[in-house]
Amino acid sequence: MKKGKVNRAWIAQHINDPYVKLAQKHQYRSRAAFKLIGIDEQDRLIRPGMAVVDLGSAPGAWSQVLRERLARSGGGIDGRIVALDLLPMEPIADVQFIQGDFREPETLARLEEALGGVRLDLVVSDMAPNLSGVAVADAARMADLVELAVEFALRHLKPDGALLVKCFHGSGYSQLVELFKDSFVKVAARKPKASRDRSAETYLLGRHPKRPPTG
């Protein structure tokens with residue numbers, strides 16, 4: 001019974017959520033689009049001409065926002081977007097999609113092959129693990145994804161590049177902040193308006209990687 005009540009409450013809240021309505025109006029695939037839009041309005045992350053990787057991209061809302069920001073008036077985009085997710089994603093014009101597990105070396109190799117040696121201006125990650133409800137285990141899984149994203153970013157970002165990742169404000173969060181401070185010159189935490197107040201979700205933004213790219 002309780003579960004049914006919770007589900008009904010969630011559905012009611014979801015239907016009445018202003019960002020869900022906005023997403024439908026603007027034909028975004030999820031309300032998550034407004035999280036990236038909010039952060040971009042504050043930090044001016046996305047500019048024409050950029051090479052961007054979108055990790056954990058499905059269903060594609062962040063890739064849609066990236067494409068809008070890089071769109072040319074005559075069609076196509078000024079820049080490059082490569083998206084990756086474990087789940088399938090419906091195609092988005094001018095976005096190259098790779099399906100695979102970011103934790104697997106072979107998937108990373110496919111992503112690096114797709115980039116063809118191009119240095120990145122921006123890496124964004126809305127990745128989250130499948131949550132078990134066990135806080136310590138979930139925090140560890142989340143930390144693992146963030147650490148992989150940082151490692152990838154340090155290897156592929158330009159000297160003035162940036163990494164934006166989702167994480168959870170709770171167990172292990174302070175260690176992730178320290179990892180960012182060790183890895184980037186400028187570090188900031190962001191909680192966009194579209195991120196629900198009761199959610200532990202927050203975003204870490206790192207700019208100017210401290211380790212120069214190798215290779």
# chains A, B, ... in the order shown; residues from 1 in each chain; ligands from 1

call {"tool": "residues_around", "arguments": {"residues": "Ser199 in chain A", "least_positions_apart": "2", "cutoff": "12 Å", "atoms": "only C-alpha atoms", "output": "list of chain:residue names"}}
result
A:Lys166, A:Cys167, A:Phe168, A:His169, A:Gly170, A:Lys191, A:Pro192, A:Lys193, A:Ala194, A:Ser195, A:Arg196, A:Asp197, A:Glu201, A:Thr202, A:Tyr203

call {"tool": "write_last_selection", "arguments": {"atoms": "N, CA and C atoms", "output": "mmCIF file, in the first residue's frame"}}
result
data_model
loop_
_atom_site.group_PDB
_atom_site.id
_atom_site.type_symbol
_atom_site.label_atom_id
_atom_site.label_comp_id
_atom_site.auth_asym_id
_atom_site.auth_seq_id
_atom_site.Cartn_x
_atom_site.Cartn_y
_atom_site.Cartn_z
ATOM 1 N N LYS A 166 27.732 15.215 -12.207
ATOM 2 C CA LYS A 166 26.742 15.048 -11.141
ATOM 3 C C LYS A 166 27.344 14.201 -10.024
ATOM 4 N N CYS A 167 27.038 14.563 -8.791
ATOM 5 C CA CYS A 167 27.406 13.718 -7.660
ATOM 6 C C CYS A 167 26.334 13.876 -6.590
ATOM 7 N N PHE A 168 26.486 13.167 -5.481
ATOM 8 C CA PHE A 168 25.517 13.238 -4.395
ATOM 9 C C PHE A 168 26.154 13.895 -3.178
ATOM 10 N N HIS A 169 25.428 14.832 -2.590
ATOM 11 C CA HIS A 169 25.919 15.526 -1.398
ATOM 12 C C HIS A 169 25.630 14.639 -0.199
ATOM 13 N N GLY A 170 26.648 13.911 0.226
ATOM 14 C CA GLY A 170 26.474 12.965 1.329
ATOM 15 C C GLY A 170 27.775 12.229 1.547
ATOM 16 N N LYS A 191 24.035 23.882 -7.719
ATOM 17 C CA LYS A 191 22.735 23.245 -7.479
ATOM 18 C C LYS A 191 21.714 24.032 -8.298
ATOM 19 N N PRO A 192 21.515 23.645 -9.565
ATOM 20 C CA PRO A 192 20.598 24.420 -10.417
ATOM 21 C C PRO A 192 19.166 24.380 -9.898
ATOM 22 N N LYS A 193 18.393 25.385 -10.254
ATOM 23 C CA LYS A 193 17.004 25.482 -9.776
ATOM 24 C C LYS A 193 16.184 24.259 -10.170
ATOM 25 N N ALA A 194 16.506 23.656 -11.308
ATOM 26 C CA ALA A 194 15.739 22.497 -11.776
ATOM 27 C C ALA A 194 16.045 21.230 -10.982
ATOM 28 N N SER A 195 17.098 21.271 -10.162
ATOM 29 C CA SER A 195 17.405 20.131 -9.297
ATOM 30 C C SER A 195 16.515 20.216 -8.062
ATOM 31 N N ARG A 196 15.732 19.180 -7.815
ATOM 32 C CA ARG A 196 14.746 19.231 -6.733
ATOM 33 C C ARG A 196 15.414 19.455 -5.380
ATOM 34 N N ASP A 197 14.786 20.296 -4.560
ATOM 35 C CA ASP A 197 15.352 20.675 -3.262
ATOM 36 C C ASP A 197 15.673 19.479 -2.379
ATOM 37 N N GLU A 201 21.314 15.432 -5.040
ATOM 38 C CA GLU A 201 22.069 15.691 -6.270
ATOM 39 C C GLU A 201 22.691 17.090 -6.250
ATOM 40 N N THR A 202 23.950 17.142 -6.620
ATOM 41 C CA THR A 202 24.617 18.426 -6.833
ATOM 42 C C THR A 202 25.604 18.236 -7.979
ATOM 43 N N TYR A 203 26.172 19.313 -8.461
ATOM 44 C CA TYR A 203 27.108 19.220 -9.586
ATOM 45 C C TYR A 203 28.421 19.884 -9.209
#

call {"tool": "closest_residue", "arguments": {"among": "A:Leu22, A:Ala139, A:Val123, A:Arg29", "to": "Met89 in chain A", "atoms": "only C-alpha atoms"}}
result
A:Arg29

call {"tool": "residues_around", "arguments": {"residues": "Ala149 in chain A", "least_positions_apart": "2", "cutoff": "12 Å", "atoms": "only C-alpha atoms", "output": "tab-separated table (two decimals) with N, CA and C atoms, in the first residue's frame"}}
result
chain	number	residue	atom	x	y	z
A	53	VAL	N	32.05	16.20	-24.96
A	53	VAL	CA	31.61	14.83	-24.70
A	53	VAL	C	30.54	14.87	-23.62
A	54	ASP	N	29.43	14.16	-23.88
A	54	ASP	CA	28.30	14.07	-22.95
A	54	ASP	C	28.24	12.63	-22.43
A	55	LEU	N	28.66	12.44	-21.17
A	55	LEU	CA	28.67	11.11	-20.56
A	55	LEU	C	27.35	10.85	-19.84
A	56	GLY	N	26.82	9.65	-20.00
A	56	GLY	CA	25.53	9.33	-19.40
A	56	GLY	C	24.42	10.11	-20.07
A	84	LEU	N	27.65	9.40	-24.93
A	84	LEU	CA	27.86	8.01	-24.56
A	84	LEU	C	26.90	7.62	-23.44
A	102	PHE	N	30.68	3.04	-19.57
A	102	PHE	CA	31.83	3.94	-19.39
A	102	PHE	C	32.90	3.32	-18.50
A	103	ARG	N	32.51	2.35	-17.66
A	103	ARG	CA	33.48	1.72	-16.75
A	103	ARG	C	34.33	0.67	-17.46
A	108	LEU	N	35.69	2.90	-23.41
A	108	LEU	CA	36.55	4.08	-23.40
A	108	LEU	C	37.39	4.14	-24.66
A	122	LEU	N	35.02	20.69	-23.33
A	122	LEU	CA	34.07	20.47	-22.25
A	122	LEU	C	33.69	19.00	-22.17
A	123	VAL	N	33.66	18.48	-20.94
A	123	VAL	CA	33.10	17.16	-20.67
A	123	VAL	C	31.97	17.37	-19.67
A	124	VAL	N	30.77	16.88	-20.00
A	124	VAL	CA	29.65	16.96	-19.06
A	124	VAL	C	29.20	15.54	-18.72
A	125	SER	N	28.80	15.33	-17.47
A	125	SER	CA	28.38	14.00	-17.05
A	125	SER	C	27.18	14.09	-16.13
A	126	ASP	N	26.07	13.54	-16.60
A	126	ASP	CA	24.88	13.41	-15.75
A	126	ASP	C	24.72	11.95	-15.35
A	127	MET	N	25.82	11.20	-15.41
A	127	MET	CA	25.80	9.78	-15.07
A	127	MET	C	25.43	9.58	-13.60
A	128	ALA	N	24.67	8.52	-13.37
A	128	ALA	CA	24.40	8.09	-11.99
A	128	ALA	C	24.28	6.57	-12.01
A	142	MET	N	28.77	5.99	-7.04
A	142	MET	CA	28.78	7.34	-7.62
A	142	MET	C	30.20	7.88	-7.68
A	143	ALA	N	30.96	7.69	-6.61
A	143	ALA	CA	32.35	8.16	-6.56
A	143	ALA	C	33.17	7.51	-7.66
A	144	ASP	N	32.91	6.23	-7.92
A	144	ASP	CA	33.63	5.51	-8.96
A	144	ASP	C	33.40	6.16	-10.32
A	145	LEU	N	32.15	6.52	-10.62
A	145	LEU	CA	31.82	7.17	-11.89
A	145	LEU	C	32.47	8.55	-11.99
A	146	VAL	N	32.43	9.31	-10.90
A	146	VAL	CA	33.04	10.65	-10.89
A	146	VAL	C	34.54	10.55	-11.11
A	147	GLU	N	35.17	9.60	-10.43
A	147	GLU	CA	36.63	9.43	-10.57
A	147	GLU	C	37.00	9.08	-12.01
A	151	GLU	N	39.31	11.31	-14.52
A	151	GLU	CA	40.46	10.69	-15.20
A	151	GLU	C	40.37	10.91	-16.71
A	152	PHE	N	39.18	10.68	-17.26
A	152	PHE	CA	38.96	10.87	-18.70
A	152	PHE	C	39.18	12.34	-19.08
A	153	ALA	N	38.63	13.25	-18.27
A	153	ALA	CA	38.74	14.68	-18.57
A	153	ALA	C	40.19	15.14	-18.54
A	154	LEU	N	40.94	14.70	-17.55
A	154	LEU	CA	42.34	15.11	-17.46
A	154	LEU	C	43.14	14.62	-18.66
A	155	ARG	N	42.72	13.49	-19.22
A	155	ARG	CA	43.45	12.94	-20.36
A	155	ARG	C	43.09	13.64	-21.67
A	156	HIS	N	41.88	14.25	-21.73
A	156	HIS	CA	41.40	14.72	-23.03
A	156	HIS	C	41.07	16.22	-23.10
A	157	LEU	N	40.98	16.89	-21.98
A	157	LEU	CA	40.62	18.32	-22.02
A	157	LEU	C	41.78	19.19	-22.50
A	162	ALA	N	36.87	22.34	-19.33
A	162	ALA	CA	36.08	22.22	-18.10
A	162	ALA	C	35.38	20.87	-18.04
A	163	LEU	N	35.15	20.43	-16.80
A	163	LEU	CA	34.41	19.20	-16.52
A	163	LEU	C	33.26	19.51	-15.57
A	164	LEU	N	32.05	19.07	-15.94
A	164	LEU	CA	30.88	19.22	-15.08
A	164	LEU	C	30.32	17.83	-14.81
A	165	VAL	N	30.24	17.44	-13.52
A	165	VAL	CA	29.73	16.11	-13.19
A	165	VAL	C	28.65	16.18	-12.11
A	166	LYS	N	27.73	15.21	-12.21
A	166	LYS	CA	26.74	15.05	-11.14
A	166	LYS	C	27.34	14.20	-10.02
A	167	CYS	N	27.04	14.56	-8.79
A	167	CYS	CA	27.41	13.72	-7.66
A	167	CYS	C	26.33	13.88	-6.59
A	176	LEU	N	35.32	13.80	-3.03
A	176	LEU	CA	35.20	14.15	-4.45
A	176	LEU	C	35.57	15.63	-4.67
A	179	LEU	N	39.23	15.70	-4.70
A	179	LEU	CA	39.72	15.19	-5.98
A	179	LEU	C	39.66	16.28	-7.04
A	180	PHE	N	38.56	17.04	-7.07
A	180	PHE	CA	38.43	18.13	-8.03
A	180	PHE	C	39.47	19.22	-7.76
A	183	SER	N	42.67	18.29	-9.08
A	183	SER	CA	42.69	18.07	-10.54
A	183	SER	C	42.48	19.33	-11.37
A	204	LEU	N	29.51	19.24	-9.60
A	204	LEU	CA	30.84	19.83	-9.41
A	204	LEU	C	31.38	20.28	-10.76
A	205	LEU	N	31.90	21.49	-10.77
A	205	LEU	CA	32.46	22.08	-11.99
A	205	LEU	C	33.95	22.35	-11.77
A	206	GLY	N	34.77	21.75	-12.61
A	206	GLY	CA	36.21	22.00	-12.56
A	206	GLY	C	36.67	22.65	-13.85

call {"tool": "atom_distance", "arguments": {"atom1": "CA of Val134 in chain A", "atom2": "CA of Gly172 in chain A"}}
result
13.5 Å

call {"tool": "closest_residue", "arguments": {"among": "A:Ala137, A:Gly117, A:Ser73, A:Ala189", "to": "Gln42 in chain A", "atoms": "only C-alpha atoms"}}
result
A:Ala189

call {"tool": "select_by_dssp", "arguments": {"residues": "range 11-195 of chain A", "states": "helix (DSSP H, G or I)", "output": "ChimeraX atom specification"}}
result
/A:11-16,18-26,33-43,61-70,105-115,135-156,173-183

call {"tool": "closest_residue", "arguments": {"among": "A:Val20, A:Ile39, A:Ala51, A:Val82", "to": "Gly161 in chain A", "atoms": "only C-alpha atoms"}}
result
A:Ala51

call {"tool": "residues_around", "arguments": {"residues": "Glu90 in chain A", "least_positions_apart": "3", "cutoff": "9 Å", "atoms": "only C-alpha atoms", "output": "JSON, numbers by chain"}}
result
{"A": [58, 59, 60]}

call {"tool": "write_last_selection", "arguments": {"atoms": "C-alpha atoms", "output": "PDB file, in the first residue's frame"}}
result
ATOM      1  CA  ALA A  58      20.388   8.995 -22.453  1.00  0.00           C
ATOM      2  CA  PRO A  59      17.619   9.909 -23.033  1.00  0.00           C
ATOM      3  CA  GLY A  60      19.418  12.862 -24.634  1.00  0.00           C
TER       4      GLY A  60
END

call {"tool": "atom_distance", "arguments": {"atom1": "CA of Leu120 in chain A", "atom2": "CA of Val95 in chain A"}}
result
14.9 Å

call {"tool": "select_by_dssp", "arguments": {"residues": "range 37-211 of chain A", "states": "strand (DSSP E)", "output": "ChimeraX atom specification"}}
result
/A:51-55,80-85,95-99,120-125,157-168,184-190,201-209

call {"tool": "write_last_selection", "arguments": {"atoms": "N, CA and C atoms", "output": "tab-separated table (two decimals), in the first residue's frame"}}
result
chain	number	residue	atom	x	y	z
A	51	ALA	N	34.41	21.29	-28.85
A	51	ALA	CA	34.33	19.83	-28.90
A	51	ALA	C	33.90	19.37	-27.51
A	52	VAL	N	32.77	18.66	-27.46
A	52	VAL	CA	32.15	18.30	-26.17
A	52	VAL	C	31.85	16.81	-26.12
A	53	VAL	N	32.05	16.20	-24.96
A	53	VAL	CA	31.61	14.83	-24.70
A	53	VAL	C	30.54	14.87	-23.62
A	54	ASP	N	29.43	14.16	-23.88
A	54	ASP	CA	28.30	14.07	-22.95
A	54	ASP	C	28.24	12.63	-22.43
A	55	LEU	N	28.66	12.44	-21.17
A	55	LEU	CA	28.67	11.11	-20.56
A	55	LEU	C	27.35	10.85	-19.84
A	80	ARG	N	31.59	19.97	-32.17
A	80	ARG	CA	31.49	18.51	-32.22
A	80	ARG	C	30.92	18.00	-30.91
A	81	ILE	N	29.96	17.08	-30.99
A	81	ILE	CA	29.36	16.49	-29.79
A	81	ILE	C	29.41	14.97	-29.93
A	82	VAL	N	30.03	14.33	-28.95
A	82	VAL	CA	30.02	12.87	-28.86
A	82	VAL	C	29.33	12.51	-27.55
A	83	ALA	N	28.30	11.67	-27.64
A	83	ALA	CA	27.53	11.26	-26.46
A	83	ALA	C	27.72	9.78	-26.21
A	84	LEU	N	27.65	9.40	-24.93
A	84	LEU	CA	27.86	8.01	-24.56
A	84	LEU	C	26.90	7.62	-23.44
A	85	ASP	N	26.34	6.42	-23.55
A	85	ASP	CA	25.51	5.91	-22.46
A	85	ASP	C	25.43	4.39	-22.55
A	95	VAL	N	24.84	14.75	-33.47
A	95	VAL	CA	25.42	14.18	-32.24
A	95	VAL	C	25.82	12.74	-32.54
A	96	GLN	N	27.10	12.44	-32.33
A	96	GLN	CA	27.59	11.07	-32.52
A	96	GLN	C	27.38	10.30	-31.22
A	97	PHE	N	26.63	9.20	-31.28
A	97	PHE	CA	26.31	8.45	-30.06
A	97	PHE	C	27.03	7.12	-30.03
A	98	ILE	N	27.57	6.79	-28.86
A	98	ILE	CA	28.20	5.49	-28.63
A	98	ILE	C	27.48	4.82	-27.46
A	99	GLN	N	27.02	3.60	-27.67
A	99	GLN	CA	26.38	2.87	-26.58
A	99	GLN	C	27.39	1.92	-25.95
A	120	LEU	N	39.37	18.18	-26.05
A	120	LEU	CA	38.01	18.61	-25.70
A	120	LEU	C	38.00	19.94	-24.97
A	121	ASP	N	36.96	20.72	-25.24
A	121	ASP	CA	36.72	21.97	-24.50
A	121	ASP	C	35.89	21.72	-23.25
A	122	LEU	N	35.02	20.69	-23.33
A	122	LEU	CA	34.07	20.47	-22.25
A	122	LEU	C	33.69	19.00	-22.17
A	123	VAL	N	33.66	18.48	-20.94
A	123	VAL	CA	33.10	17.16	-20.67
A	123	VAL	C	31.97	17.37	-19.67
A	124	VAL	N	30.77	16.88	-20.00
A	124	VAL	CA	29.65	16.96	-19.06
A	124	VAL	C	29.20	15.54	-18.72
A	125	SER	N	28.80	15.33	-17.47
A	125	SER	CA	28.38	14.00	-17.05
A	125	SER	C	27.18	14.09	-16.13
A	157	LEU	N	40.98	16.89	-21.98
A	157	LEU	CA	40.62	18.32	-22.02
A	157	LEU	C	41.78	19.19	-22.50
A	158	LYS	N	41.42	20.29	-23.16
A	158	LYS	CA	42.39	21.34	-23.46
A	158	LYS	C	42.80	22.02	-22.15
A	159	PRO	N	43.90	22.77	-22.15
A	159	PRO	CA	44.34	23.44	-20.91
A	159	PRO	C	43.30	24.36	-20.29
A	160	ASP	N	42.41	24.93	-21.13
A	160	ASP	CA	41.38	25.82	-20.58
A	160	ASP	C	40.01	25.13	-20.54
A	161	GLY	N	40.01	23.79	-20.62
A	161	GLY	CA	38.77	23.02	-20.65
A	161	GLY	C	38.09	22.92	-19.30
A	162	ALA	N	36.87	22.34	-19.33
A	162	ALA	CA	36.08	22.22	-18.10
A	162	ALA	C	35.38	20.87	-18.04
A	163	LEU	N	35.15	20.43	-16.80
A	163	LEU	CA	34.41	19.20	-16.52
A	163	LEU	C	33.26	19.51	-15.57
A	164	LEU	N	32.05	19.07	-15.94
A	164	LEU	CA	30.88	19.22	-15.08
A	164	LEU	C	30.32	17.83	-14.81
A	165	VAL	N	30.24	17.44	-13.52
A	165	VAL	CA	29.73	16.11	-13.19
A	165	VAL	C	28.65	16.18	-12.11
A	166	LYS	N	27.73	15.21	-12.21
A	166	LYS	CA	26.74	15.05	-11.14
A	166	LYS	C	27.34	14.20	-10.02
A	167	CYS	N	27.04	14.56	-8.79
A	167	CYS	CA	27.41	13.72	-7.66
A	167	CYS	C	26.33	13.88	-6.59
A	168	PHE	N	26.49	13.17	-5.48
A	168	PHE	CA	25.52	13.24	-4.39
A	168	PHE	C	26.15	13.89	-3.18
A	184	PHE	N	41.84	20.36	-10.77
A	184	PHE	CA	41.50	21.57	-11.52
A	184	PHE	C	41.90	22.83	-10.77
A	185	VAL	N	42.21	23.87	-11.53
A	185	VAL	CA	42.60	25.15	-10.93
A	185	VAL	C	41.42	25.81	-10.25
A	186	LYS	N	40.26	25.78	-10.91
A	186	LYS	CA	39.05	26.39	-10.35
A	186	LYS	C	37.99	25.32	-10.14
A	187	VAL	N	37.38	25.31	-8.95
A	187	VAL	CA	36.36	24.32	-8.61
A	187	VAL	C	35.16	25.03	-7.99
A	188	ALA	N	33.97	24.64	-8.42
A	188	ALA	CA	32.74	25.21	-7.84
A	188	ALA	C	31.67	24.14	-7.75
A	189	ALA	N	30.79	24.25	-6.77
A	189	ALA	CA	29.64	23.37	-6.65
A	189	ALA	C	28.41	24.12	-7.17
A	190	ARG	N	27.54	23.41	-7.85
A	190	ARG	CA	26.34	24.03	-8.42
A	190	ARG	C	25.11	23.20	-8.09
A	201	GLU	N	21.31	15.43	-5.04
A	201	GLU	CA	22.07	15.69	-6.27
A	201	GLU	C	22.69	17.09	-6.25
A	202	THR	N	23.95	17.14	-6.62
A	202	THR	CA	24.62	18.43	-6.83
A	202	THR	C	25.60	18.24	-7.98
A	203	TYR	N	26.17	19.31	-8.46
A	203	TYR	CA	27.11	19.22	-9.59
A	203	TYR	C	28.42	19.88	-9.21
A	204	LEU	N	29.51	19.24	-9.60
A	204	LEU	CA	30.84	19.83	-9.41
A	204	LEU	C	31.38	20.28	-10.76
A	205	LEU	N	31.90	21.49	-10.77
A	205	LEU	CA	32.46	22.08	-11.99
A	205	LEU	C	33.95	22.35	-11.77
A	206	GLY	N	34.77	21.75	-12.61
A	206	GLY	CA	36.21	22.00	-12.56
A	206	GLY	C	36.67	22.65	-13.85
A	207	ARG	N	37.47	23.70	-13.73
A	207	ARG	CA	38.00	24.39	-14.91
A	207	ARG	C	39.53	24.39	-14.88
A	208	HIS	N	40.13	24.34	-16.05
A	208	HIS	CA	41.59	24.38	-16.20
A	208	HIS	C	42.26	23.20	-15.50
A	209	PRO	N	42.30	22.05	-16.20
A	209	PRO	CA	42.94	20.87	-15.61
A	209	PRO	C	44.38	21.14	-15.22

call {"tool": "atom_distance", "arguments": {"atom1": "CA of Asp101 in chain A", "atom2": "CA of Leu87 in chain A"}}
result
8.6 Å

call {"tool": "decode", "arguments": {"residues": "range 122-152 of chain A", "atoms": "N, CA and C atoms", "output": "tab-separated table (two decimals), in the first residue's frame"}}
result
chain	number	residue	atom	x	y	z
A	122	LEU	N	35.02	20.69	-23.33
A	122	LEU	CA	34.07	20.47	-22.25
A	122	LEU	C	33.69	19.00	-22.17
A	123	VAL	N	33.66	18.48	-20.94
A	123	VAL	CA	33.10	17.16	-20.67
A	123	VAL	C	31.97	17.37	-19.67
A	124	VAL	N	30.77	16.88	-20.00
A	124	VAL	CA	29.65	16.96	-19.06
A	124	VAL	C	29.20	15.54	-18.72
A	125	SER	N	28.80	15.33	-17.47
A	125	SER	CA	28.38	14.00	-17.05
A	125	SER	C	27.18	14.09	-16.13
A	126	ASP	N	26.07	13.54	-16.60
A	126	ASP	CA	24.88	13.41	-15.75
A	126	ASP	C	24.72	11.95	-15.35
A	127	MET	N	25.82	11.20	-15.41
A	127	MET	CA	25.80	9.78	-15.07
A	127	MET	C	25.43	9.58	-13.60
A	128	ALA	N	24.67	8.52	-13.37
A	128	ALA	CA	24.40	8.09	-11.99
A	128	ALA	C	24.28	6.57	-12.01
A	129	PRO	N	24.73	5.91	-10.95
A	129	PRO	CA	24.61	4.45	-10.91
A	129	PRO	C	23.17	4.04	-10.63
A	130	ASN	N	22.87	2.78	-10.88
A	130	ASN	CA	21.59	2.25	-10.41
A	130	ASN	C	21.63	2.22	-8.90
A	131	LEU	N	20.70	2.91	-8.26
A	131	LEU	CA	20.75	3.06	-6.81
A	131	LEU	C	20.13	1.87	-6.11
A	132	SER	N	20.82	1.41	-5.06
A	132	SER	CA	20.36	0.24	-4.30
A	132	SER	C	19.55	0.65	-3.07
A	133	GLY	N	19.68	1.91	-2.67
A	133	GLY	CA	19.05	2.35	-1.43
A	133	GLY	C	19.97	2.22	-0.22
A	134	VAL	N	21.11	1.54	-0.43
A	134	VAL	CA	22.13	1.45	0.64
A	134	VAL	C	23.10	2.61	0.44
A	135	ALA	N	23.02	3.60	1.33
A	135	ALA	CA	23.70	4.88	1.12
A	135	ALA	C	25.20	4.73	0.86
A	136	VAL	N	25.87	3.93	1.66
A	136	VAL	CA	27.33	3.78	1.53
A	136	VAL	C	27.69	3.15	0.19
A	137	ALA	N	26.94	2.11	-0.19
A	137	ALA	CA	27.21	1.44	-1.47
A	137	ALA	C	26.92	2.36	-2.64
A	138	ASP	N	25.82	3.12	-2.56
A	138	ASP	CA	25.46	4.04	-3.65
A	138	ASP	C	26.50	5.15	-3.78
A	139	ALA	N	26.96	5.66	-2.64
A	139	ALA	CA	27.98	6.72	-2.66
A	139	ALA	C	29.27	6.21	-3.30
A	140	ALA	N	29.62	4.97	-3.00
A	140	ALA	CA	30.84	4.38	-3.57
A	140	ALA	C	30.72	4.22	-5.08
A	141	ARG	N	29.53	3.80	-5.53
A	141	ARG	CA	29.31	3.65	-6.98
A	141	ARG	C	29.36	5.00	-7.68
A	142	MET	N	28.77	5.99	-7.04
A	142	MET	CA	28.78	7.34	-7.62
A	142	MET	C	30.20	7.88	-7.68
A	143	ALA	N	30.96	7.69	-6.61
A	143	ALA	CA	32.35	8.16	-6.56
A	143	ALA	C	33.17	7.51	-7.66
A	144	ASP	N	32.91	6.23	-7.92
A	144	ASP	CA	33.63	5.51	-8.96
A	144	ASP	C	33.40	6.16	-10.32
A	145	LEU	N	32.15	6.52	-10.62
A	145	LEU	CA	31.82	7.17	-11.89
A	145	LEU	C	32.47	8.55	-11.99
A	146	VAL	N	32.43	9.31	-10.90
A	146	VAL	CA	33.04	10.65	-10.89
A	146	VAL	C	34.54	10.55	-11.11
A	147	GLU	N	35.17	9.60	-10.43
A	147	GLU	CA	36.63	9.43	-10.57
A	147	GLU	C	37.00	9.08	-12.01
A	148	LEU	N	36.21	8.21	-12.63
A	148	LEU	CA	36.45	7.86	-14.04
A	148	LEU	C	36.29	9.07	-14.94
A	149	ALA	N	35.28	9.88	-14.67
A	149	ALA	CA	35.04	11.08	-15.48
A	149	ALA	C	36.19	12.07	-15.34
A	150	VAL	N	36.70	12.22	-14.11
A	150	VAL	CA	37.85	13.12	-13.88
A	150	VAL	C	39.08	12.60	-14.63
A	151	GLU	N	39.31	11.31	-14.52
A	151	GLU	CA	40.46	10.69	-15.20
A	151	GLU	C	40.37	10.91	-16.71
A	152	PHE	N	39.18	10.68	-17.26
A	152	PHE	CA	38.96	10.87	-18.70
A	152	PHE	C	39.18	12.34	-19.08
